[in-house]
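Taking it in order: structure first as structure tokens, then the write-up.
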Amino acid sequence: MPKSDSVRRPRLVFTDVDETLITCKSLFDFLDYYAAGRYGAEGARRAARVREDLRAKTTAGLPREEGNRAYYRAWRGEPVAAVEEWARRWFTERSAAEGFYVRRVAEELRAHRADGARIALVSGSFRPLLAPLAEAVGAEHVLCARPERCGRVYTGALLGAPVIGAEKRRLVRELLARYADIDPADCYGYGDDPSDLPMLDEVGHAVRVGALARG
């Protein structure tokens, strides 16, 4: 847990999202929710095929970064406005359910905020899903994947690298550089997967969650 100092030093708190702050894998849960809700049974079957294909490829050794790119290709042609609307619905429904948040992490983020820290979400997920979560937990920064748009629809491509592994580290360093008054040694990071370790290495207080904590 964060501890209050007699003189509060400014700090940033970086947290992964899926299975660190929330208990589900947001990208796949939302894909199912959106496809079935907007397109019915055929949409649900299409989402299942995407998940099965990605599972088979990652099991066969496809790097997580490439799996992330492949996931976003499934959104090619989808209207941005519709995705944003359904993402809000998804968050409203899911977050109202018991067990949506990883309680320990959510409680620690509240304590950090009460102690004056700034919160940053760092995730391979995308802004439509993360924006309402950021509002809910009081995160000022969202460092995430950036799906490319053409007009009002997604192209299926990403702008820049998937926000996994080394890209998380780069984005954390970039944000830290904007805060000259903050010492990385005073900052915290939360993650659940080995791909979060590059991010956690950038801060003085690395908190390993779930399987990563047990490993």
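To be explicit about the labels: the chains of the structure tokens are called A, B, and onward in the order shown, and within each one the residues are counted from 1, while ligands get numbers from 1 in the order they are shown.
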Counting only C-alpha atoms, which residues of segment 17-127 of chain A sit at most 10 Å from some atom of segment 204-213 of chain A, and what is each one's closest atom pair with its distance in Å to one decimal, listed by chain and rising residue number, as a Markdown table?
```
| residue | atom | partner | partner_atom | distance |
| --- | --- | --- | --- | --- |
| A:Glu19 | CA | A:Gly210 | CA | 7.7 |
| A:Thr20 | CA | A:Val209 | CA | 6.2 |
| A:Leu21 | CA | A:Val209 | CA | 9.1 |
| A:Val102 | CA | A:Val209 | CA | 9.3 |
| A:Arg104 | CA | A:Val209 | CA | 9.2 |
| A:Val105 | CA | A:Val209 | CA | 8.3 |
```
Put those residues in a file: C-alpha atoms, as an mmCIF file, in the first residue's frame.
```cif
data_model
loop_
_atom_site.group_PDB
_atom_site.id
_atom_site.type_symbol
_atom_site.label_atom_id
_atom_site.label_comp_id
_atom_site.auth_asym_id
_atom_site.auth_seq_id
_atom_site.Cartn_x
_atom_site.Cartn_y
_atom_site.Cartn_z
ATOM 1 C CA GLU A 19 -6.332 -9.026 -15.188
ATOM 2 C CA THR A 20 -4.490 -6.341 -13.206
ATOM 3 C CA LEU A 21 -7.098 -3.649 -12.550
ATOM 4 C CA VAL A 102 -9.355 -6.627 -8.954
ATOM 5 C CA ARG A 104 -6.725 -4.990 -4.105
ATOM 6 C CA VAL A 105 -5.497 -2.918 -7.054
#
```
Open item on the list: Could you pull out the alpha helix (DSSP H) residues of segment 67-170 of chain A, going by DSSP on the backbone, and write them as a ChimeraX atom specification?
Closed with: /A:67-73,80-95,103-114,127-137,166-170
Open item on the list: So that I can check the surroundings of segment 193-196 of chain A, please list as a ChimeraX atom specification every protein, DNA and RNA residue that reaches within 12 Å of it, counting only C-alpha atoms and ignoring chain neighbours fewer than 4 positions away.
Closed with: /A:14-20,63-65,122-124,162-170,172,189,200-203,206-215
Task: Shell around Gly116 of chain A at 10 Å using only C-alpha atoms, local window under 5 positions removed, as a ChimeraX atom specification - done: /A:4,8-12,110-111
Counting only C-alpha atoms, what are the residues of segment 101-155 of chain A within 9 Å of segment 25-45 of chain A, and for each of them which pair of atoms is the nearest and at what distance in Å, to one decimal? Sort the table by chain and rising number, as a tab-separated table.
```
residue	atom	partner	partner_atom	distance
A:Gly124	CA	A:Leu27	CA	8.6
A:Ser125	CA	A:Leu27	CA	6.1
A:Phe126	CA	A:Leu27	CA	8.2
A:Leu129	CA	A:Ser26	CA	7.5
```
Expected file: the selected residues, N, CA and C atoms, as a PDB file, in the first residue's frame:
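Result saved to part39.pdb:
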```
ATOM      1  N   GLY A 124      -2.760  -2.590 -23.849  1.00  0.00           N
ATOM      2  CA  GLY A 124      -2.883  -2.926 -25.261  1.00  0.00           C
ATOM      3  C   GLY A 124      -4.295  -2.779 -25.776  1.00  0.00           C
ATOM      4  N   SER A 125      -5.222  -2.472 -24.887  1.00  0.00           N
ATOM      5  CA  SER A 125      -6.606  -2.203 -25.271  1.00  0.00           C
ATOM      6  C   SER A 125      -6.692  -0.817 -25.905  1.00  0.00           C
ATOM      7  N   PHE A 126      -7.904  -0.406 -26.315  1.00  0.00           N
ATOM      8  CA  PHE A 126      -8.029   0.877 -27.010  1.00  0.00           C
ATOM      9  C   PHE A 126      -8.973   1.826 -26.284  1.00  0.00           C
ATOM     10  N   LEU A 129     -12.725   1.568 -24.837  1.00  0.00           N
ATOM     11  CA  LEU A 129     -12.916   0.747 -23.640  1.00  0.00           C
ATOM     12  C   LEU A 129     -12.293   1.379 -22.406  1.00  0.00           C
TER      13      LEU A 129
END
```
Open item on the list: DSSP on the backbone: which residues in segment 112-145 of chain A end up as strand (DSSP E or B)? Give the answer as a PyMOL selection string.
Closed with: chain A and resi 118-126+141-145
Task: Non-local contacts of segment 91-97 of chain A (8 Å; only C-alpha atoms; under 4 positions in same chain excluded) as a list in words - done: Ala87, Tyr101, Leu129, Pro132 and Leu133 of chain A
Task: Point-to-point distance in Å for atom CA of Glu52 of chain A and atom CA of Pro128 of chain A - done: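 Atom CA of Pro128 of chain A sits 23.5 Å away from atom CA of Glu52 of chain A.
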- [ ] Mind checking which residues fall within 10 Å of Leu54 of chain A, counting only C-alpha atoms, ignoring those fewer than 6 positions away in the same chain, and posting them as a list in words?
- [x] Ala48, Ala60, Leu62, Arg64, Glu66, Gly67, Asn68, Ala70 and Tyr71 of chain A
Task: Shell of 9 Å around segment 139-153 of chain A, only C-alpha atoms, local chain residues under 4 positions omitted, as a PyMOL selection string - done: chain A and resi 72+75-81+113+118-127+130-131+133-135+157-163+168+171-172+175
Generate a file of the selected residues that holds N, CA, C and O atoms, formatted as a compact mmCIF listing (two decimals), in the first residue's frame.
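Listing of result.txt after writing:
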```
# COMPACT_ATOMS: atom_id res chain seq x y z
N TYR A 72 -6.89 -6.28 -33.89
CA TYR A 72 -7.47 -5.02 -34.39
C TYR A 72 -7.90 -5.11 -35.85
O TYR A 72 -8.77 -4.34 -36.29
N TRP A 75 -11.58 -5.29 -36.54
CA TRP A 75 -12.44 -4.11 -36.46
C TRP A 75 -12.49 -3.33 -37.77
O TRP A 75 -13.11 -2.26 -37.83
N ARG A 76 -11.87 -3.86 -38.80
CA ARG A 76 -11.87 -3.17 -40.09
C ARG A 76 -13.30 -2.91 -40.57
O ARG A 76 -14.14 -3.82 -40.61
N GLY A 77 -13.57 -1.66 -40.91
CA GLY A 77 -14.88 -1.28 -41.43
C GLY A 77 -15.91 -0.93 -40.39
O GLY A 77 -17.01 -0.47 -40.74
N GLU A 78 -15.60 -1.14 -39.09
CA GLU A 78 -16.59 -0.85 -38.05
C GLU A 78 -16.65 0.66 -37.79
O GLU A 78 -15.60 1.32 -37.69
N PRO A 79 -17.85 1.21 -37.67
CA PRO A 79 -17.98 2.66 -37.43
C PRO A 79 -17.45 3.03 -36.05
O PRO A 79 -17.81 2.41 -35.05
N VAL A 80 -16.61 4.05 -36.00
CA VAL A 80 -16.02 4.48 -34.74
C VAL A 80 -17.11 4.86 -33.74
O VAL A 80 -17.04 4.48 -32.56
N ALA A 81 -18.10 5.60 -34.18
CA ALA A 81 -19.16 6.06 -33.27
C ALA A 81 -19.91 4.89 -32.65
O ALA A 81 -20.26 4.92 -31.46
N ARG A 113 -4.47 8.00 -5.21
CA ARG A 113 -5.11 9.27 -5.59
C ARG A 113 -5.33 10.15 -4.38
O ARG A 113 -5.11 11.37 -4.42
N ARG A 118 -0.86 10.89 -9.55
CA ARG A 118 -1.55 10.88 -10.84
C ARG A 118 -1.54 9.44 -11.37
O ARG A 118 -0.50 8.77 -11.33
N ILE A 119 -2.67 9.00 -11.88
CA ILE A 119 -2.83 7.61 -12.34
C ILE A 119 -2.75 7.56 -13.86
O ILE A 119 -3.35 8.39 -14.55
N ALA A 120 -2.04 6.56 -14.37
CA ALA A 120 -1.97 6.33 -15.82
C ALA A 120 -2.32 4.88 -16.11
O ALA A 120 -1.72 3.96 -15.54
N LEU A 121 -3.29 4.66 -16.98
CA LEU A 121 -3.60 3.32 -17.48
C LEU A 121 -2.67 3.02 -18.64
O LEU A 121 -2.49 3.86 -19.53
N VAL A 122 -2.08 1.82 -18.65
CA VAL A 122 -1.15 1.43 -19.72
C VAL A 122 -1.62 0.08 -20.24
O VAL A 122 -1.55 -0.93 -19.54
N SER A 123 -2.11 0.06 -21.49
CA SER A 123 -2.82 -1.14 -21.93
C SER A 123 -2.75 -1.33 -23.44
O SER A 123 -2.73 -0.36 -24.20
N GLY A 124 -2.76 -2.59 -23.85
CA GLY A 124 -2.88 -2.93 -25.26
C GLY A 124 -4.29 -2.78 -25.78
O GLY A 124 -4.55 -2.94 -26.97
N SER A 125 -5.22 -2.47 -24.89
CA SER A 125 -6.61 -2.20 -25.27
C SER A 125 -6.69 -0.82 -25.91
O SER A 125 -5.70 -0.11 -26.04
N PHE A 126 -7.90 -0.41 -26.32
CA PHE A 126 -8.03 0.88 -27.01
C PHE A 126 -8.97 1.83 -26.28
O PHE A 126 -9.71 1.44 -25.38
N ARG A 127 -8.88 3.10 -26.66
CA ARG A 127 -9.49 4.17 -25.88
C ARG A 127 -11.00 4.02 -25.66
O ARG A 127 -11.48 4.36 -24.57
N LEU A 130 -11.18 2.07 -22.59
CA LEU A 130 -10.42 2.57 -21.46
C LEU A 130 -10.89 3.92 -20.94
O LEU A 130 -10.71 4.23 -19.76
N ALA A 131 -11.51 4.73 -21.80
CA ALA A 131 -11.94 6.07 -21.37
C ALA A 131 -12.94 6.02 -20.21
O ALA A 131 -12.75 6.73 -19.21
N LEU A 133 -13.33 3.64 -18.06
CA LEU A 133 -12.61 3.08 -16.92
C LEU A 133 -11.73 4.15 -16.28
O LEU A 133 -11.67 4.27 -15.04
N ALA A 134 -11.05 4.95 -17.12
CA ALA A 134 -10.22 6.03 -16.60
C ALA A 134 -11.05 7.01 -15.78
O ALA A 134 -10.63 7.47 -14.71
N GLU A 135 -12.23 7.33 -16.28
CA GLU A 135 -13.12 8.22 -15.54
C GLU A 135 -13.48 7.62 -14.18
O GLU A 135 -13.50 8.31 -13.16
N ALA A 157 -5.91 -1.36 -39.04
CA ALA A 157 -4.48 -1.20 -38.77
C ALA A 157 -4.28 -0.43 -37.47
O ALA A 157 -5.21 0.21 -36.96
N LEU A 158 -3.07 -0.50 -36.94
CA LEU A 158 -2.70 0.28 -35.77
C LEU A 158 -1.76 1.41 -36.16
O LEU A 158 -0.92 1.24 -37.04
N LEU A 159 -1.90 2.53 -35.50
CA LEU A 159 -0.93 3.61 -35.62
C LEU A 159 0.13 3.37 -34.56
O LEU A 159 -0.16 3.35 -33.37
N GLY A 160 1.35 3.14 -34.98
CA GLY A 160 2.40 2.85 -34.02
C GLY A 160 2.39 1.39 -33.59
O GLY A 160 1.66 0.56 -34.13
N ALA A 161 3.19 1.11 -32.57
CA ALA A 161 3.38 -0.27 -32.10
C ALA A 161 2.26 -0.68 -31.16
O ALA A 161 1.65 0.17 -30.49
N PRO A 162 1.97 -1.99 -31.08
CA PRO A 162 1.07 -2.47 -30.04
C PRO A 162 1.63 -2.12 -28.66
O PRO A 162 2.85 -2.15 -28.46
N VAL A 163 0.74 -1.78 -27.73
CA VAL A 163 1.20 -1.35 -26.40
C VAL A 163 1.38 -2.57 -25.52
O VAL A 163 0.56 -2.90 -24.66
N LYS A 168 5.27 -0.51 -23.86
CA LYS A 168 4.81 0.01 -22.57
C LYS A 168 5.94 0.79 -21.90
O LYS A 168 5.72 1.86 -21.34
N LEU A 171 6.37 4.24 -23.57
CA LEU A 171 5.32 5.19 -23.22
C LEU A 171 5.43 5.66 -21.78
O LEU A 171 5.16 6.83 -21.48
N VAL A 172 5.83 4.76 -20.89
CA VAL A 172 6.04 5.15 -19.50
C VAL A 172 7.18 6.17 -19.41
O VAL A 172 7.07 7.20 -18.73
N LEU A 175 6.02 9.58 -20.69
CA LEU A 175 5.18 10.32 -19.75
C LEU A 175 6.01 10.84 -18.57
O LEU A 175 5.85 11.98 -18.14
```
